[in-house]
Protein chains: 4
Amino acid sequence: MSEHTTPLNAAVIGAGYWGPNLARNFATAPDWRLAAVCDLNRERAATVAHASGGVDVETSVADVLAREDVDAVAIATPARTHHPIAMAALRAGKHVVVEKPLADTSERASEMVELAERTGRVLMTDHTYCYTPAVQKISELVAEDALGEILFVDSVRINLGLVQPDVDVLWDLAPHDLSILDAVLPGGLRPVGVAAHGADPLGAGKACVAYLSLPLENGAMAHVHVNWMSPTKIRQMVIGGSRRTLVWDDLNPQQRLSVYDRGVDLERQQATGDERTAATVSYRLGDTWSPALPEREALGLMVAEFAASIREARAPRTDGAAGCRVLGVLEAASASLAANGLLTGVGGVDKDMEVVA
Amino acid sequence: MSEHTTPLNAAVIGAGYWGPNLARNFATAPDWRLAAVCDLNRERAATVAHASGGVDVETSVADVLAREDVDAVAIATPARTHHPIAMAALRAGKHVVVEKPLADTSERASEMVELAERTGRVLMTDHTYCYTPAVQKISELVAEDALGEILFVDSVRINLGLVQPDVDVLWDLAPHDLSILDAVLPGGLRPVGVAAHGADPLGAGKACVAYLSLPLENGAMAHVHVNWMSPTKIRQMVIGGSRRTLVWDDLNPQQRLSVYDRGVDLERQQATGDERTAATVSYRLGDTWSPALPEREALGLMVAEFAASIREARAPRTDGAAGCRVLGVLEAASASLAANGLLTGVGGVDKDMEVVA
Amino acid sequence: MSEHTTPLNAAVIGAGYWGPNLARNFATAPDWRLAAVCDLNRERAATVAHASGGVDVETSVADVLAREDVDAVAIATPARTHHPIAMAALRAGKHVVVEKPLADTSERASEMVELAERTGRVLMTDHTYCYTPAVQKISELVAEDALGEILFVDSVRINLGLVQPDVDVLWDLAPHDLSILDAVLPGGLRPVGVAAHGADPLGAGKACVAYLSLPLENGAMAHVHVNWMSPTKIRQMVIGGSRRTLVWDDLNPQQRLSVYDRGVDLERQQATGDERTAATVSYRLGDTWSPALPEREALGLMVAEFAASIREARAPRTDGAAGCRVLGVLEAASASLAANGLLTGVGGVDKDMEVVA
Amino acid sequence: MSEHTTPLNAAVIGAGYWGPNLARNFATAPDWRLAAVCDLNRERAATVAHASGGVDVETSVADVLAREDVDAVAIATPARTHHPIAMAALRAGKHVVVEKPLADTSERASEMVELAERTGRVLMTDHTYCYTPAVQKISELVAEDALGEILFVDSVRINLGLVQPDVDVLWDLAPHDLSILDAVLPGGLRPVGVAAHGADPLGAGKACVAYLSLPLENGAMAHVHVNWMSPTKIRQMVIGGSRRTLVWDDLNPQQRLSVYDRGVDLERQQATGDERTAATVSYRLGDTWSPALPEREALGLMVAEFAASIREARAPRTDGAAGCRVLGVLEAASASLAANGLLTGVGGVDKDMEVVA
């Protein structure tokens, strides 16, 4: 932000689990002034407003949206209320960032994207993970073509987790993997189809372990493994490229990212006919490199990107379309899970839609 | 073996890659006398025979099978020749152990199992991995009910591997996982179906990464991930049970097996209705235990089991039926792979067949 | 604490780095009521008092000690002021807990111990690390003789650390290792002597890497390695016993403690003459066991132990004498460091002194 | 070796533990022709000679040394016989490589070095570890100044080891660390003194754990920790430099070497006075880099270096002087151990002596 720029004014709607984190980051960001915190429960709103430096307390969304000193709202209410609040906010001319999931269905999410487009307002999905230093670095490396063409992605997110009352393991954990894939894959997450296999061996009434196969357009494959029953905790993503392969081990703070200059030599392989492929395969066994990562809070970068996208009248990195794509894949995954893993197309996503602010 | 027992006499057929290992183990086992090594290439046979203490050299399978001093043969020839040689050997009254895969198709493998049954001879599959100290220990723990009911198995076998000229990554690597599953799962590997997803992003003409989902009969799920393109090498299997969960990390010689007394509490969960499940879930966070493993060569235990099964007129641990089950799953996996991951039944396996010697 | 027991009243003196942590724990402990927070800087005291539930603010130590509603004080002021404040507090009849180091010299620390003894008040050193679940468990295992006789202890505490303006790496990091050794070794830390070797290759004017050798009375040896210049962070202590050996890897939250039933067989070795020792050495290669550790805040256990020792009129676990022993070893280490690593006796510690409350 | 160069002729003296490895490498090296294997025990010599391609069998050292077709001998006999055999060989005009230790005392080793110098023959110490790809790479990095000035070296070599009948843990394990230090440190291992602390808590009659502190000339420090009683196996060396720090973890085949561009900023620190040092310290938190290492047998590189040094009439990398330096440090360490860790000078080493061939 230029030093001469006036801060934008934000209100946070919803003061439950995630709202306080949003409020704290809007309150301390140089790009923003936090104008108000809103919750149906006045006491909850007041606590958060106090902790954020004594900003206004609101208990009505309509009142917030009527305020002329509010440029943008951050919505952290229950998922089924994201759509009505965001639609009202966009109609009131506010820019909107929504806690994930963007909406309770990809269809309603698409409506939000369309309205944002018509009103020329920014609609952003708070895919917080995408603003961690690790994912930012991965995105840079992919953009610089350091990995080459992406051949496969394998993501594992398992631990001994809380069996959630309202969602299965797919909807609980996979949104993280999918939002990261959407941020990292060139062109976003647009799989050819989705196949999901799961099991409920505990009799919990929902899948407690699940595997997602996501064939991609260039013959590549992404795969996600989520599990609530693993005694060990693993947060690992491998991104295999034609040049190099990256391993992200999020639980190893001393070496979160490793870039391996190792692999099967693609150039020589592509030059040969199928029949003689094996004879001309070669292997690279090069160095490994682990980039240093800055220590930064992801949510701080998220609110900075929200401000920048508003000022520059452009789509933010994790825009509404990103939120739609993730929801569309999750819906297809649930449909596949119910159909014994049948490869299922991703509907409800207009692949060309974009936020134009 | 009793000290007074006369050793059995074995001949090894095939002196290529695996035959020398078999010959060395038969030559040094107290239960066995190695009578001959046979290969079409006399020089190759002679080298192996010499290294095994100067046993007879043969170049004709028929001559080997005609020898009265040969009780059993070990077949380590190319896969497509396993069936004719094994059938001839069984007809000649020999006991037979076959390098994996048991045959080139599960149908031919079944014929071998049936003939062994009719002739009252032992037919064994050399699933070597099943005789490692780690798998032996896992089998014991499962048999003692130390893990409880098996809820999920997740197996990962990835590394920067040789792209094989004749087989895809499934047939190259997954036989290990499947034979181990067959040895470990009570009742053997009898999945409800098989779904396989793979990709060939290198354009190698065959899958270089593949994922197998194997729903099991009690609502459990086994899953296998094999990959030739991974820059890091992982050999890990997690076996989640209702009592405890076991992690086998084969590349950590200092702690190969870890048994976690951690998990979701099944007892309380089963006692409640579906609606209130989440409220009554509880977690155990108990100790971890890593059993010491003896240092023993797997192949030595394999030939000892072969001898014991012959003497005791019983099926060996990795009998012909085990070889059939593994082949059946691999064939179903290939069919599923060709059908975009469609859940595919395992045919060609008579689930009740057993070797009765 | 019995439900009927009246809480004790505490005041925290010093509201800088550590005081707020003490205040928070006294404020929330069932055994305690926090009466006041005292700091020369009123604003600092007020901030901490507010965050601790609105307790009294004091700016004079004399005023705090004059209060009849204060049973005990926790001192978290600069090290050179520990002695005068603690002496005054003991004379005023208060029980005292002091942030480490207990005093700036072991001589002054001894005076504090003697005064506490004469006045019948509890004097405790806040060796916080000793109240972590890991150290508590290690102490239990040693007390139960699970490890047998302790043969060696090797402690490594290295990372890329802040070069401190006022202390060298020994005084910065080794107090942790030494206080843990004091808590774990039967009879406390009473080495035969201390040899310290260090280096200042940066020209920082003080040792930035140091090694402490501490021969113990039974022929055993403890060793501590501290280093500010290591690019990797290690926090590891190995405690070798005649029965079992424990490894504490504090940076591995999934397996902090490992108890190895592996070692050289002592029984057989002791039974033989020196000349033939090697011939009769045997090795155990048993299982490894990793006890589960509860998740508890160390400081909460520390203030509970402070209360219990007052109520039961006994010495706390980390009493004044423990603080003296650690200081005595540090002083001997500094003397050794200045004398090229000469083995130096630990003076200034009356080994039989104990707090009798 | 140039393709036109005639191979040199070698004889291996001693066919016990290490001799067969030497014989195999001389027999297969392009630079060498293995002429004979010599052992007092004819059968042992014959076995090794046969396995090395049928070379001559000798049972008398004098006969070997009298052969005109022998340019060089490799001595792998018991340590106390190294000196007489090597002296005789040098007098007979042979080049000599000696299994470590070079001799049983540094004084006798010095005599060997002097005689080699007088006779213009190469005298090499077989410090095999120095020819591993890891140590070769470390030496290159130090030579290229990639690490900057060496500030500290910390080496750990511990495991559950065989209590040796004739040597303590220092003489059993530390020669590896010391020979590596000699190869890696610019100018070789020339510590200002040696302090050794050890313990024998098993009553084995010799130290089973020991710590060596080696202050170096530029204010730096090397330290070696060897232990026979550790349940876990560690082989790790950290080399801290003013530019970068290298960690060698020999038991991690996937990432043996890691070079950390992290550390305390030396430039700024040196520019300031002692009093204000802390204020101007800064930290680098850069990338980590793990160089790929070729897969090569160390002994093959050792015999190649032996040949090259003979042809080029220069000292080999691990020359006789290197062997002397290592022996001198070990002797000083033993003296220090017997004197309670007193810092002991390294005698018996003429620091300027060099092999001039």
# chains A, B, ... in the order shown; residues from 1 in each chain; ligands from 1
>>> interface_residues(of="chain D", to="chain A", cutoff="12 Å", atoms="only C-alpha atoms", output="MDAnalysis selection string")
chainID D and resid 254:262 284:295
>>> write_last_selection(atoms="N, CA and C atoms", output="tab-separated table (two decimals), in the first residue's frame")
chain	number	residue	atom	x	y	z
D	254	GLN	N	18.74	-40.63	1.85
D	254	GLN	CA	18.00	-39.74	0.96
D	254	GLN	C	18.51	-38.30	1.04
D	255	GLN	N	19.24	-37.97	2.09
D	255	GLN	CA	19.78	-36.61	2.19
D	255	GLN	C	20.98	-36.63	3.14
D	256	ARG	N	22.06	-37.18	2.66
D	256	ARG	CA	23.24	-37.34	3.51
D	256	ARG	C	23.85	-35.99	3.88
D	257	LEU	N	23.99	-35.11	2.90
D	257	LEU	CA	24.59	-33.80	3.17
D	257	LEU	C	23.55	-32.70	3.03
D	258	SER	N	23.54	-31.78	3.98
D	258	SER	CA	22.69	-30.59	3.88
D	258	SER	C	23.57	-29.39	4.15
D	259	VAL	N	23.50	-28.42	3.27
D	259	VAL	CA	24.28	-27.20	3.43
D	259	VAL	C	23.30	-26.07	3.73
D	260	TYR	N	23.42	-25.52	4.93
D	260	TYR	CA	22.48	-24.50	5.38
D	260	TYR	C	23.09	-23.13	5.19
D	261	ASP	N	22.39	-22.30	4.45
D	261	ASP	CA	22.82	-20.92	4.30
D	261	ASP	C	22.18	-20.11	5.44
D	262	ARG	N	22.50	-20.53	6.64
D	262	ARG	CA	21.91	-19.95	7.84
D	262	ARG	C	23.03	-19.72	8.82
D	284	ARG	N	21.28	-14.86	9.26
D	284	ARG	CA	20.83	-15.24	7.92
D	284	ARG	C	19.93	-16.45	8.03
D	285	LEU	N	18.82	-16.45	7.34
D	285	LEU	CA	17.93	-17.61	7.35
D	285	LEU	C	17.66	-18.00	5.91
D	286	GLY	N	18.71	-18.45	5.25
D	286	GLY	CA	18.62	-18.72	3.82
D	286	GLY	C	18.21	-20.14	3.50
D	287	ASP	N	18.40	-20.50	2.26
D	287	ASP	CA	17.97	-21.80	1.77
D	287	ASP	C	18.87	-22.92	2.27
D	288	THR	N	18.39	-24.12	2.10
D	288	THR	CA	19.18	-25.31	2.38
D	288	THR	C	19.39	-26.04	1.05
D	289	TRP	N	20.55	-26.66	0.93
D	289	TRP	CA	20.88	-27.30	-0.34
D	289	TRP	C	21.51	-28.64	-0.02
D	290	SER	N	21.05	-29.64	-0.73
D	290	SER	CA	21.57	-30.98	-0.50
D	290	SER	C	22.17	-31.52	-1.79
D	291	PRO	N	23.49	-31.52	-1.90
D	291	PRO	CA	24.09	-31.97	-3.15
D	291	PRO	C	23.88	-33.46	-3.38
D	292	ALA	N	23.65	-33.82	-4.61
D	292	ALA	CA	23.57	-35.24	-4.97
D	292	ALA	C	24.97	-35.84	-4.86
D	293	LEU	N	25.04	-37.07	-4.41
D	293	LEU	CA	26.32	-37.75	-4.28
D	293	LEU	C	26.34	-38.94	-5.21
D	294	PRO	N	27.46	-39.15	-5.90
D	294	PRO	CA	27.53	-40.34	-6.75
D	294	PRO	C	27.61	-41.59	-5.88
D	295	GLU	N	27.22	-42.71	-6.43
D	295	GLU	CA	27.35	-44.00	-5.74
D	295	GLU	C	28.67	-44.61	-6.14
>>> select_by_dssp(residues="stretch 82-213 of chain A", states="alpha helix (DSSP H)", output="ChimeraX atom specification")
/A:82-91,106-119,133-143,169-184
>>> residues_around(residues="stretch 106-118 of chain C", least_positions_apart="4", cutoff="12 Å", atoms="only C-alpha atoms", output="ChimeraX atom specification")
/C:79-98,100-102,122-125,313-315,319-332,346-357
>>> write_last_selection(atoms="C-alpha atoms", output="short mmCIF file (atom, residue, chain, number, x, y, z; two decimals), in the first residue's frame")
data_model
loop_
_atom_site.label_atom_id
_atom_site.label_comp_id
_atom_site.auth_asym_id
_atom_site.auth_seq_id
_atom_site.Cartn_x
_atom_site.Cartn_y
_atom_site.Cartn_z
CA ALA C 79 18.62 -11.95 38.69
CA ARG C 80 20.76 -9.64 40.83
CA THR C 81 17.66 -8.51 42.77
CA HIS C 82 16.47 -12.06 43.59
CA HIS C 83 18.56 -12.22 46.75
CA PRO C 84 17.48 -8.97 48.47
CA ILE C 85 13.81 -9.40 47.59
CA ALA C 86 13.72 -13.07 48.62
CA MET C 87 15.55 -12.38 51.90
CA ALA C 88 13.10 -9.58 52.73
CA ALA C 89 10.16 -11.77 51.82
CA LEU C 90 11.35 -14.66 53.97
CA ARG C 91 11.94 -12.28 56.86
CA ALA C 92 8.38 -11.03 56.36
CA GLY C 93 7.22 -14.61 56.76
CA LYS C 94 6.29 -15.20 53.16
CA HIS C 95 6.85 -18.41 51.19
CA VAL C 96 8.93 -17.68 48.12
CA VAL C 97 9.30 -19.02 44.61
CA VAL C 98 12.04 -17.49 42.47
CA LYS C 100 15.71 -19.15 37.80
CA PRO C 101 18.53 -18.50 38.48
CA LEU C 102 17.77 -18.59 42.18
CA VAL C 122 9.23 -22.77 51.63
CA LEU C 123 11.86 -21.57 49.16
CA MET C 124 11.33 -22.90 45.67
CA THR C 125 13.21 -22.44 42.39
CA ALA C 313 5.29 -28.31 55.19
CA ARG C 314 7.81 -30.09 53.05
CA ALA C 315 10.43 -29.18 50.50
CA ASP C 319 13.57 -26.45 46.15
CA GLY C 320 16.14 -23.82 47.02
CA ALA C 321 18.83 -26.45 47.36
CA ALA C 322 18.18 -27.54 43.76
CA GLY C 323 18.64 -23.95 42.67
CA CYS C 324 21.92 -23.83 44.63
CA ARG C 325 23.21 -27.03 43.08
CA VAL C 326 22.54 -25.77 39.56
CA LEU C 327 24.24 -22.46 40.31
CA GLY C 328 27.19 -24.24 41.87
CA VAL C 329 27.71 -26.33 38.77
CA LEU C 330 27.40 -23.29 36.50
CA GLU C 331 29.99 -21.42 38.56
CA ALA C 332 32.35 -24.39 38.46
CA VAL C 346 31.76 -27.74 42.85
CA GLY C 347 32.08 -25.45 45.88
CA GLY C 348 29.59 -23.42 47.79
CA VAL C 349 27.10 -26.21 48.02
CA ASP C 350 26.41 -27.79 51.35
CA LYS C 351 25.33 -31.13 50.02
CA ASP C 352 23.22 -31.96 53.03
CA MET C 353 21.27 -28.76 53.23
CA GLU C 354 17.58 -29.11 52.73
CA VAL C 355 14.62 -26.88 53.07
CA VAL C 356 12.62 -27.90 56.08
CA ALA C 357 9.40 -26.00 56.12
#
>>> atom_distance(atom1="atom CA of D:Cys38", atom2="atom CA of D:Ala11")
7.4 Å
>>> residues_around(residues="A:Leu160", least_positions_apart="4", cutoff="9 Å", atoms="only C-alpha atoms", output="list of chain:residue names")
A:Asn227, A:Trp228, A:Met229, A:Ser230, A:Pro231, A:Thr232, A:Lys233, B:Arg262, B:Gly263, B:Val264, B:Tyr283
>>> residues_around(residues="stretch 215-221 of chain B", least_positions_apart="3", cutoff="8 Å", atoms="only C-alpha atoms", output="PyMOL selection string")
(chain A and resi 198-201) or (chain B and resi 150-153+190-194)
>>> write_last_selection(atoms="C-alpha atoms", output="JSON list (two decimals), in the first residue's frame")
[["chain", "number", "residue", "atom", "x", "y", "z"],
["A", 198, "GLY", "CA", -14.39, -43.98, 1.30],
["A", 199, "ALA", "CA", -15.16, -46.16, 4.27],
["A", 200, "ASP", "CA", -16.96, -45.90, 7.56],
["A", 201, "PRO", "CA", -15.60, -48.87, 9.47],
["B", 150, "ILE", "CA", -9.10, -54.28, 10.96],
["B", 151, "LEU", "CA", -10.71, -50.99, 9.91],
["B", 152, "PHE", "CA", -8.40, -49.76, 7.19],
["B", 153, "VAL", "CA", -5.08, -50.54, 5.55],
["B", 190, "ARG", "CA", -10.94, -61.11, -0.56],
["B", 191, "PRO", "CA", -12.06, -57.57, -1.42],
["B", 192, "VAL", "CA", -15.64, -56.80, -2.37],
["B", 193, "GLY", "CA", -14.27, -55.18, -5.50],
["B", 194, "VAL", "CA", -11.32, -53.30, -6.88]]
>>> residues_around(residues="D:Leu181", least_positions_apart="4", cutoff="10 Å", atoms="only C-alpha atoms", output="JSON, numbers by chain")
{"D": [130, 135, 139, 153, 155, 175, 176, 177, 185, 186, 188, 189, 190, 222, 237, 239, 326]}
>>> write_last_selection(atoms="N, CA and C atoms", output="PDB file, in the first residue's frame")
ATOM      1  N   CYS D 130      37.706 -41.324   4.149  1.00  0.00           N
ATOM      2  CA  CYS D 130      37.999 -40.068   3.444  1.00  0.00           C
ATOM      3  C   CYS D 130      37.742 -40.174   1.949  1.00  0.00           C
ATOM      4  N   VAL D 135      32.551 -37.490   2.068  1.00  0.00           N
ATOM      5  CA  VAL D 135      33.729 -36.748   2.524  1.00  0.00           C
ATOM      6  C   VAL D 135      34.420 -36.055   1.351  1.00  0.00           C
ATOM      7  N   SER D 139      35.099 -32.094   1.357  1.00  0.00           N
ATOM      8  CA  SER D 139      36.428 -31.520   1.103  1.00  0.00           C
ATOM      9  C   SER D 139      36.381 -30.503  -0.026  1.00  0.00           C
ATOM     10  N   VAL D 153      33.289 -27.825  14.644  1.00  0.00           N
ATOM     11  CA  VAL D 153      32.929 -29.127  14.078  1.00  0.00           C
ATOM     12  C   VAL D 153      32.440 -29.982  15.233  1.00  0.00           C
ATOM     13  N   SER D 155      31.103 -33.857  15.953  1.00  0.00           N
ATOM     14  CA  SER D 155      30.944 -35.180  15.349  1.00  0.00           C
ATOM     15  C   SER D 155      30.429 -36.174  16.374  1.00  0.00           C
ATOM     16  N   PRO D 175      39.109 -42.821  15.518  1.00  0.00           N
ATOM     17  CA  PRO D 175      39.985 -42.681  14.340  1.00  0.00           C
ATOM     18  C   PRO D 175      39.218 -42.277  13.084  1.00  0.00           C
ATOM     19  N   HIS D 176      37.962 -42.742  12.958  1.00  0.00           N
ATOM     20  CA  HIS D 176      37.173 -42.338  11.790  1.00  0.00           C
ATOM     21  C   HIS D 176      36.958 -40.825  11.792  1.00  0.00           C
ATOM     22  N   ASP D 177      36.468 -40.318  12.922  1.00  0.00           N
ATOM     23  CA  ASP D 177      36.198 -38.877  13.007  1.00  0.00           C
ATOM     24  C   ASP D 177      37.467 -38.075  12.789  1.00  0.00           C
ATOM     25  N   LEU D 185      39.666 -30.346   7.367  1.00  0.00           N
ATOM     26  CA  LEU D 185      40.174 -29.068   7.877  1.00  0.00           C
ATOM     27  C   LEU D 185      41.306 -28.562   7.002  1.00  0.00           C
ATOM     28  N   PRO D 186      41.302 -27.301   6.623  1.00  0.00           N
ATOM     29  CA  PRO D 186      42.407 -26.774   5.828  1.00  0.00           C
ATOM     30  C   PRO D 186      43.695 -26.906   6.646  1.00  0.00           C
ATOM     31  N   GLY D 188      44.886 -29.711   7.621  1.00  0.00           N
ATOM     32  CA  GLY D 188      44.864 -30.967   8.373  1.00  0.00           C
ATOM     33  C   GLY D 188      44.553 -30.753   9.838  1.00  0.00           C
ATOM     34  N   LEU D 189      44.499 -31.866  10.564  1.00  0.00           N
ATOM     35  CA  LEU D 189      44.101 -31.844  11.972  1.00  0.00           C
ATOM     36  C   LEU D 189      45.304 -31.456  12.831  1.00  0.00           C
ATOM     37  N   ARG D 190      45.347 -30.218  13.256  1.00  0.00           N
ATOM     38  CA  ARG D 190      46.468 -29.721  14.065  1.00  0.00           C
ATOM     39  C   ARG D 190      45.900 -28.947  15.257  1.00  0.00           C
ATOM     40  N   ALA D 222      36.778 -28.283  17.628  1.00  0.00           N
ATOM     41  CA  ALA D 222      36.200 -29.530  17.129  1.00  0.00           C
ATOM     42  C   ALA D 222      35.886 -30.401  18.336  1.00  0.00           C
ATOM     43  N   MET D 237      27.956 -35.411  11.559  1.00  0.00           N
ATOM     44  CA  MET D 237      28.985 -34.395  11.725  1.00  0.00           C
ATOM     45  C   MET D 237      28.424 -33.060  11.249  1.00  0.00           C
ATOM     46  N   ILE D 239      29.559 -29.178  10.478  1.00  0.00           N
ATOM     47  CA  ILE D 239      30.718 -28.322  10.246  1.00  0.00           C
ATOM     48  C   ILE D 239      30.201 -26.905  10.079  1.00  0.00           C
ATOM     49  N   VAL D 326      46.739 -38.256  13.076  1.00  0.00           N
ATOM     50  CA  VAL D 326      45.632 -38.941  13.743  1.00  0.00           C
ATOM     51  C   VAL D 326      46.148 -39.727  14.948  1.00  0.00           C
TER      52      VAL D 326
END
>>> select_by_dssp(residues="stretch 174-323 of chain C", states="strand (DSSP E or B)", output="number ranges by chain")
C: 194-199, 209-215, 221-227, 229-241, 245-249, 257-264, 283-290, 319
>>> closest_residue(among="B:Leu141, B:Val209, B:Ala183, B:Val12", to="A:Asp154", atoms="only C-alpha atoms")
B:Val209
>>> residues_around(residues="A:Asn21", least_positions_apart="2", cutoff="12 Å", atoms="only C-alpha atoms", output="PDB file with C-alpha atoms, in the first residue's frame")
ATOM      1  CA  VAL A  12     -16.680  -8.444  10.073  1.00  0.00           C
ATOM      2  CA  ILE A  13     -19.995 -10.300  10.147  1.00  0.00           C
ATOM      3  CA  GLY A  14     -20.019 -13.289  12.501  1.00  0.00           C
ATOM      4  CA  ALA A  15     -18.039 -13.367  15.762  1.00  0.00           C
ATOM      5  CA  GLY A  16     -17.906 -17.098  16.386  1.00  0.00           C
ATOM      6  CA  TYR A  17     -14.877 -19.304  15.682  1.00  0.00           C
ATOM      7  CA  TRP A  18     -13.240 -17.604  12.701  1.00  0.00           C
ATOM      8  CA  GLY A  19     -14.579 -14.044  12.982  1.00  0.00           C
ATOM      9  CA  ALA A  23     -11.249  -8.981  12.986  1.00  0.00           C
ATOM     10  CA  ARG A  24      -7.776  -9.050  14.467  1.00  0.00           C
ATOM     11  CA  ASN A  25      -6.183  -9.057  11.024  1.00  0.00           C
ATOM     12  CA  PHE A  26      -8.362  -6.308   9.588  1.00  0.00           C
ATOM     13  CA  ALA A  27      -7.718  -4.244  12.725  1.00  0.00           C
ATOM     14  CA  THR A  28      -3.952  -4.469  12.407  1.00  0.00           C
ATOM     15  CA  VAL A  37     -18.023  -6.267  14.213  1.00  0.00           C
ATOM     16  CA  VAL A  48     -14.404  -9.187  19.572  1.00  0.00           C
ATOM     17  CA  ALA A  49     -14.897  -5.463  18.933  1.00  0.00           C
ATOM     18  CA  ALA A  51     -10.237  -6.972  21.510  1.00  0.00           C
ATOM     19  CA  SER A  52      -9.901  -5.295  18.097  1.00  0.00           C
ATOM     20  CA  ALA A  74     -15.943 -10.326   5.749  1.00  0.00           C
ATOM     21  CA  ILE A  75     -18.534 -13.040   6.303  1.00  0.00           C
ATOM     22  CA  ALA A  76     -17.801 -15.691   8.950  1.00  0.00           C
ATOM     23  CA  GLU A  99     -15.014 -17.814   4.977  1.00  0.00           C
ATOM     24  CA  ASP A 126     -10.951 -16.994   2.332  1.00  0.00           C
ATOM     25  CA  THR A 128      -6.463 -19.194   4.188  1.00  0.00           C
ATOM     26  CA  GLU A 297       0.671 -15.042   9.231  1.00  0.00           C
ATOM     27  CA  ALA A 298      -1.421 -16.270   6.331  1.00  0.00           C
ATOM     28  CA  LEU A 299      -4.487 -14.264   7.271  1.00  0.00           C
ATOM     29  CA  GLY A 300      -2.500 -11.034   7.166  1.00  0.00           C
ATOM     30  CA  MET A 302      -5.127 -12.675   2.762  1.00  0.00           C
ATOM     31  CA  VAL A 303      -6.530  -9.322   3.901  1.00  0.00           C
TER      32      VAL A 303
END
>>> atom_distance(atom1="atom CA of A:Thr344", atom2="atom CA of B:Arg157")
27.1 Å
>>> atom_distance(atom1="atom CA of B:Ala10", atom2="atom CA of B:Leu40")
17.8 Å
